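S.K.: Take a look at this one; I'll ask things after.
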Amino acid sequence: MSTFKAPKGTYDLLPPDSAVYLAVREAIAAPARAAGYGYVETPGFENVELFARGVGESTDIVTKEMYAFETKGGDKLALRPEGTASVLRAALEGNLHKSGNLPVKLWYSGSYYRYERPQKGRYRHFSQVGAEAIGMEDPALDAELIILADQAYRSLGLRKFRILLNSLGDAECRPVYRDALQGFLRGLDLDEETRRRIEINPLRVLDDKRPEVQKQLTGAPVLRDYLCDACKAYHEEVRALLTAAGVVYEDDERLVRGLDYYTRTTFEFVHDGLGSQSAVGGGGRYDGLSEMIGGPALPSVGWALGVDRTVLALEAEGVALDLPAATSVYAVPLGEEARRTLFGLVTELRRAGVAADFAYGARGLKGAMKSAHRSGARYALVAGERDLADGVVQLKDMESGEQQAVALAEVVDRLRTAR
Ligand code: HAM
């Protein structure tokens with residue numbers, strides 16, 4: 001071990017476990033890619049104001065958890081705590097919304113940073129795969145995104161997740177609800193900080209996990225009773241489309257998300273095997289965000305799924321992904337001449353698209369065969385002086401144990417189709 005350790009709240013992804021993370025990222029992205037979402041990549045840091053305005057000045061993410069810093073040049077930046085504000089900024093900057101091809105559908109995958117109190121499932125550096133549909137108000141898009149996330153989790157073999165669904169209303173009806181909620185909350189017995197929160201972000205008080213707060217919240221006005229007709233109709237349509245698609249969800253009128261930009265549809269994917277950090281993914285509609293960051297009106301919807309927590313959910317359910325071995329052929333030379341010949345063969349195999357590896361260093365047959373087994377390769381190529389003199393190598397099927405001599409000139413062709 002070196003003097004250094006990974007910083008608090010972070011961890012490294014190392015083989016063989018890292019292969020699972022990679023597979024999870026790919027599995028989450030696959031349904032979105034197949035549904036017309038194009039890949040977008042944005043910088044790991046942005047102007048701090050983008051998040052202050054986008055995610056919200058009163059959110060924990062911005063006030064407590066952001067890695068904000070000033071550069072030597074005097075720029076005020078922040079490591080990205082989430083992807084939506086960045087992706088929308090990039091789409092606007094790249095004029096994608098002017099292409100006459102709305103919605104702009106984008107997916108992304110990357111690292112995000114929040115200065116949170118670390119615990120299992122909650123890290124300071126974590127990974128998300130996200131998808132955003134920008135510039136269109138259509139309940140079918142909200143439904144599409146939820147269906148795609150559901151498909152992603154199912155394709156991984158996850159079953160014990162639930163979809164929580166809510167509508168947060170819009171610029172017309174939410175302020176009315178907010179007033180009513182504030183009126184109710186001001187009458188409760190709450191501490192200083194919570195009382196302050198009532199004035200800045202009353203909906204977040206509903207999310208307070210403390211039993212003494214939750215107890216007082218029975219009888220609080222619920223947003224559902226305040227939704228305007230347009231929001232109600234929109235929400236009903238999203239629900240109907242999900243039901244028609246056979247996607248099971250739970251109405252959760254208490255679901256408020258930790259980011260300020262949401263309007264109308266909000267949802268969370270929770271997994272029951274994860275303890276307190278149960279949200280494996282979340283998202284919703286953010287019709288006002290573009291204007292909040294200085295753009296035109298562009299109603300949009302999206303989600304981000306947490307890669308770290310999805311991997312924990314797989315572990316919790318005991319799901320082992322069926323990952324193909326990275327290496328198909330493992331070459332084991334016996335002697336100097338064989339080294340040169342087999343190394344050449346490995347290079348040829350790789351150029352022909354066959355995943356091949358080689359026993360490096362001066363190892364004996366036993367140690368090298370051990371490495372061959374560990375690599376997961378289906379075939380081993382073994383050759384010594386005698387084989388080379390005969391113009392052959394030994395091709396060993398690692399599954400059946402069968403071995404046969406194959407002419408040197410035919411090896412690549414024989415293995416081209418091997419898996
Ligand atoms: P979020 O709910 O803040 O939403 O994060 C989405 C997911 O990222 C969470 O459900 C969780 O799985 C994972 N996550 C968040 N924080 C951590 C952490 N500290 N450690 C491990 N995993 C974490 C957003 O970020 C929105 N941008 C989603 C969205 C996209 N809304 C619209 N479009």
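The chains in the structure tokens are called A, B, ... from first to last as shown; in each chain the residues are counted from 1, and the ligands are counted from 1 in the order shown.
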Excluding same-chain residues fewer than 5 positions from segment 318-324 of chain A, what lies within 12 Å of it counting only C-alpha atoms, as a list of chain:residue names?

M.R.: A:Pro16, A:Asp17, A:Ser18, A:Ala19, A:Val20, A:Tyr21, A:Leu22, A:Ala23, A:Val24, A:Ala27, A:Tyr153, A:Arg154, A:Ser155, A:Leu156, A:Gly157, A:Leu158, A:Arg159, A:Lys160, A:Gly273, A:Thr310, A:Val311, A:Leu312, A:Ala313, A:Ala355, A:Ser375, A:Gly376, A:Ala377, A:Arg378, A:Arg419

S.K.: As a JSON list (two decimals) with C-alpha atoms, in the first residue's frame, please: every residue in segment 54-211 of chain A that DSSP puts in alpha helix (DSSP H).

M.R.:
[["chain", "number", "residue", "atom", "x", "y", "z"],
["A", 54, "GLY", "CA", -30.59, 25.70, -12.13],
["A", 60, "ASP", "CA", -28.90, 21.10, 0.03],
["A", 61, "ILE", "CA", -27.04, 20.25, -3.14],
["A", 62, "VAL", "CA", -26.13, 23.88, -3.77],
["A", 63, "THR", "CA", -25.84, 25.23, -0.21],
["A", 84, "THR", "CA", -29.36, 18.07, -16.15],
["A", 85, "ALA", "CA", -28.31, 21.72, -15.89],
["A", 86, "SER", "CA", -25.07, 20.98, -17.78],
["A", 87, "VAL", "CA", -26.77, 19.03, -20.54],
["A", 88, "LEU", "CA", -29.38, 21.73, -21.05],
["A", 89, "ARG", "CA", -26.66, 24.40, -21.06],
["A", 90, "ALA", "CA", -24.76, 22.41, -23.70],
["A", 91, "ALA", "CA", -27.84, 21.86, -25.86],
["A", 92, "LEU", "CA", -28.62, 25.59, -25.77],
["A", 93, "GLU", "CA", -25.01, 26.57, -26.45],
["A", 139, "PRO", "CA", -46.95, 13.10, -21.67],
["A", 140, "ALA", "CA", -45.75, 10.31, -23.96],
["A", 141, "LEU", "CA", -42.19, 11.56, -23.43],
["A", 142, "ASP", "CA", -42.53, 11.42, -19.64],
["A", 143, "ALA", "CA", -43.92, 7.90, -20.03],
["A", 144, "GLU", "CA", -41.19, 6.93, -22.50],
["A", 145, "LEU", "CA", -38.44, 7.85, -20.07],
["A", 146, "ILE", "CA", -39.99, 5.95, -17.16],
["A", 147, "ILE", "CA", -40.55, 2.93, -19.40],
["A", 148, "LEU", "CA", -36.92, 3.04, -20.61],
["A", 149, "ALA", "CA", -35.57, 3.14, -17.05],
["A", 150, "ASP", "CA", -37.87, 0.27, -16.10],
["A", 151, "GLN", "CA", -36.60, -1.68, -19.11],
["A", 152, "ALA", "CA", -32.99, -0.96, -18.14],
["A", 153, "TYR", "CA", -33.42, -2.26, -14.60],
["A", 154, "ARG", "CA", -35.32, -5.32, -15.81],
["A", 155, "SER", "CA", -32.68, -6.12, -18.41],
["A", 174, "ARG", "CA", -47.84, 25.26, -7.38],
["A", 175, "PRO", "CA", -47.62, 28.78, -5.86],
["A", 176, "VAL", "CA", -51.19, 28.42, -4.58],
["A", 177, "TYR", "CA", -50.29, 25.12, -2.95],
["A", 178, "ARG", "CA", -47.06, 26.57, -1.59],
["A", 179, "ASP", "CA", -49.01, 29.31, 0.18],
["A", 180, "ALA", "CA", -51.43, 26.82, 1.69],
["A", 181, "LEU", "CA", -48.59, 24.56, 2.82],
["A", 182, "GLN", "CA", -46.67, 27.45, 4.36],
["A", 183, "GLY", "CA", -49.79, 28.47, 6.26],
["A", 184, "PHE", "CA", -50.09, 24.95, 7.67],
["A", 185, "LEU", "CA", -46.38, 24.53, 8.49],
["A", 186, "ARG", "CA", -46.06, 27.87, 10.27],
["A", 192, "GLU", "CA", -35.28, 27.23, 13.87],
["A", 193, "GLU", "CA", -33.72, 25.71, 10.77],
["A", 194, "THR", "CA", -36.90, 23.97, 9.71],
["A", 195, "ARG", "CA", -38.86, 27.18, 10.23],
["A", 196, "ARG", "CA", -36.41, 28.89, 7.90],
["A", 197, "ARG", "CA", -36.94, 26.14, 5.37],
["A", 198, "ILE", "CA", -40.70, 26.77, 5.46],
["A", 199, "GLU", "CA", -40.05, 30.22, 4.03],
["A", 200, "ILE", "CA", -37.50, 29.18, 1.40],
["A", 202, "PRO", "CA", -41.65, 24.47, 2.15],
["A", 203, "LEU", "CA", -42.07, 21.36, 0.00],
["A", 204, "ARG", "CA", -38.77, 20.05, 1.33],
["A", 205, "VAL", "CA", -40.19, 20.03, 4.86],
["A", 211, "PRO", "CA", -40.50, 11.07, 13.27]]

S.K.: Would you name the residues within 8 Å of ligand 1, counting only C-alpha atoms and all ligand atoms, and put them as an MDAnalysis selection string?

M.R.: chainID A and resid 81:85 112:116 118 121:128 130:132 257:259 262 268:270 277:286 301:310

S.K.: With only C-alpha atoms as the atoms that count, which of A:Asp260, A:Glu41, A:Asp390, A:Asp225 lies nearest to Gly110 of chain A?

M.R.: A:Glu41

S.K.: From the list A:Val412, A:Leu314, A:Met1, A:Val332, which residue is nearest Ala380 of chain A when using only C-alpha atoms?

M.R.: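 Smallest distance to Ala380 of chain A is found for A:Val332.
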
S.K.: Give me, as an MDAnalysis selection string, all polymer residues having an atom no more than 9 Å from segment 367-369 of chain A, counting only C-alpha atoms and skipping those fewer than 6 positions away in the same chain.

M.R.: chainID A and resid 330:333 358:360 380

S.K.: Can those selected residues be exported to a file as a PDB file, in the first residue's frame so that it contains C-alpha atoms?

M.R.:
ATOM      1  CA  TYR A 330      -4.590 -17.264 -24.021  1.00  0.00           C
ATOM      2  CA  ALA A 331      -1.175 -18.110 -25.429  1.00  0.00           C
ATOM      3  CA  VAL A 332       1.338 -20.121 -23.410  1.00  0.00           C
ATOM      4  CA  PRO A 333       4.825 -20.382 -24.955  1.00  0.00           C
ATOM      5  CA  PHE A 358      -0.198 -13.879 -23.595  1.00  0.00           C
ATOM      6  CA  ALA A 359       1.756 -15.420 -20.722  1.00  0.00           C
ATOM      7  CA  TYR A 360       4.401 -12.746 -20.187  1.00  0.00           C
ATOM      8  CA  ALA A 380      -5.277 -21.883 -24.720  1.00  0.00           C
TER       9      ALA A 380
END

S.K.: When you count only C-alpha atoms, which of these residues is closest to Thr59 of chain A: A:Ser328, A:Asn166, A:Gln404, A:Asn201?

M.R.: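 Closest residue, counting only C-alpha atoms: A:Asn201.
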
S.K.: When you look at Lys105 of chain A with a cut-off of 8 Å (counting only C-alpha atoms), what residues show up, excluding the ones that are within fewer than 3 positions of it in the same chain? I need them as a ChimeraX atom specification.

M.R.: /A:36-38,131-134

S.K.: Quote the spacing between atom CA of Ser371 of chain A and atom CA of Ala6 of chain A in Å to one decimal place.

M.R.: 28.8 Å

S.K.: Leaving out Leu342 of chain A and any residue of its chain fewer than 3 positions from it, which residues lie within 9 Å of it when counting only C-alpha atoms, given as a tab-separated table (two decimals) with all heavy atoms, in the first residue's frame?

M.R.:
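Result file follows (selection.tsv):
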chain	number	residue	atom	x	y	z
A	331	ALA	N	-2.32	-17.41	-24.84
A	331	ALA	CA	-1.18	-18.11	-25.43
A	331	ALA	C	-0.11	-18.42	-24.38
A	331	ALA	O	0.27	-17.55	-23.61
A	331	ALA	CB	-0.59	-17.26	-26.55
A	332	VAL	N	0.34	-19.66	-24.38
A	332	VAL	CA	1.34	-20.12	-23.41
A	332	VAL	C	2.56	-20.68	-24.15
A	332	VAL	O	2.53	-21.81	-24.64
A	332	VAL	CB	0.74	-21.21	-22.50
A	332	VAL	CG1	1.80	-21.76	-21.54
A	332	VAL	CG2	-0.45	-20.65	-21.71
A	333	PRO	N	3.64	-19.91	-24.24
A	333	PRO	CA	4.83	-20.38	-24.95
A	333	PRO	C	5.75	-21.16	-24.03
A	333	PRO	O	5.86	-20.84	-22.85
A	333	PRO	CB	5.50	-19.07	-25.38
A	333	PRO	CG	5.12	-18.11	-24.31
A	333	PRO	CD	3.79	-18.53	-23.76
A	337	GLU	N	11.97	-19.60	-28.61
A	337	GLU	CA	11.48	-19.55	-29.99
A	337	GLU	C	9.96	-19.51	-30.01
A	337	GLU	O	9.34	-18.77	-30.78
A	337	GLU	CB	12.01	-20.77	-30.74
A	337	GLU	CG	11.91	-20.63	-32.25
A	337	GLU	CD	12.16	-21.97	-32.95
A	337	GLU	OE1	12.83	-22.83	-32.34
A	337	GLU	OE2	11.67	-22.13	-34.06
A	338	ALA	N	9.36	-20.31	-29.13
A	338	ALA	CA	7.90	-20.35	-29.05
A	338	ALA	C	7.34	-18.99	-28.62
A	338	ALA	O	6.28	-18.57	-29.09
A	338	ALA	CB	7.45	-21.43	-28.07
A	339	ARG	N	8.07	-18.31	-27.74
A	339	ARG	CA	7.62	-16.98	-27.32
A	339	ARG	C	7.45	-16.07	-28.51
A	339	ARG	O	6.43	-15.39	-28.65
A	339	ARG	CB	8.67	-16.32	-26.40
A	339	ARG	CG	8.61	-16.72	-24.96
A	339	ARG	CD	9.77	-16.09	-24.21
A	339	ARG	NE	9.60	-14.64	-24.08
A	339	ARG	CZ	8.74	-14.08	-23.24
A	339	ARG	NH1	7.98	-14.83	-22.48
A	339	ARG	NH2	8.65	-12.78	-23.17
A	345	LEU	N	1.58	-14.60	-33.18
A	345	LEU	CA	0.25	-15.16	-33.41
A	345	LEU	C	-0.81	-14.37	-32.64
A	345	LEU	O	-1.91	-14.11	-33.15
A	345	LEU	CB	0.26	-16.62	-32.94
A	345	LEU	CG	-0.53	-17.64	-33.73
A	345	LEU	CD1	-0.31	-17.50	-35.23
A	345	LEU	CD2	-0.13	-19.06	-33.28
A	346	VAL	N	-0.47	-14.00	-31.42
A	346	VAL	CA	-1.40	-13.21	-30.59
A	346	VAL	C	-1.69	-11.87	-31.27
A	346	VAL	O	-2.83	-11.41	-31.33
A	346	VAL	CB	-0.83	-13.00	-29.16
A	346	VAL	CG1	-1.52	-11.86	-28.44
A	346	VAL	CG2	-0.98	-14.29	-28.36
A	347	THR	N	-0.64	-11.24	-31.79
A	347	THR	CA	-0.84	-9.97	-32.49
A	347	THR	C	-1.75	-10.16	-33.70
A	347	THR	O	-2.67	-9.37	-33.92
A	347	THR	CB	0.53	-9.40	-32.93
A	347	THR	OG1	1.34	-9.24	-31.77
A	347	THR	CG2	0.38	-8.06	-33.64
A	358	PHE	N	-1.47	-13.18	-23.46
A	358	PHE	CA	-0.20	-13.88	-23.59
A	358	PHE	C	0.43	-14.06	-22.22
A	358	PHE	O	0.31	-13.19	-21.37
A	358	PHE	CB	0.69	-12.99	-24.49
A	358	PHE	CG	2.02	-13.58	-24.85
A	358	PHE	CD1	2.12	-14.59	-25.80
A	358	PHE	CD2	3.20	-13.09	-24.28
A	358	PHE	CE1	3.35	-15.11	-26.17
A	358	PHE	CE2	4.44	-13.60	-24.64
A	358	PHE	CZ	4.51	-14.62	-25.59
A	381	LEU	N	-3.51	-21.57	-26.32
A	381	LEU	CA	-2.59	-21.98	-27.38
A	381	LEU	C	-1.27	-22.32	-26.71
A	381	LEU	O	-0.66	-21.45	-26.09
A	381	LEU	CB	-2.35	-20.83	-28.35
A	381	LEU	CG	-3.39	-20.54	-29.43
A	381	LEU	CD1	-2.93	-19.35	-30.25
A	381	LEU	CD2	-3.60	-21.76	-30.32
A	382	VAL	N	-0.82	-23.55	-26.79
A	382	VAL	CA	0.42	-23.95	-26.14
A	382	VAL	C	1.39	-24.44	-27.22
A	382	VAL	O	0.98	-25.19	-28.12
A	382	VAL	CB	0.18	-25.08	-25.12
A	382	VAL	CG1	1.44	-25.36	-24.32
A	382	VAL	CG2	-0.97	-24.70	-24.17
A	383	ALA	N	2.64	-23.97	-27.13
A	383	ALA	CA	3.61	-24.45	-28.11
A	383	ALA	C	5.00	-24.52	-27.51
A	383	ALA	O	5.41	-23.63	-26.77
A	383	ALA	CB	3.62	-23.53	-29.34
A	393	VAL	N	0.77	-25.72	-33.41
A	393	VAL	CA	0.62	-25.34	-32.00
A	393	VAL	C	-0.49	-26.22	-31.42
A	393	VAL	O	-1.33	-26.74	-32.18
A	393	VAL	CB	0.23	-23.85	-31.80
A	393	VAL	CG1	1.33	-22.93	-32.29
A	393	VAL	CG2	-1.08	-23.53	-32.49
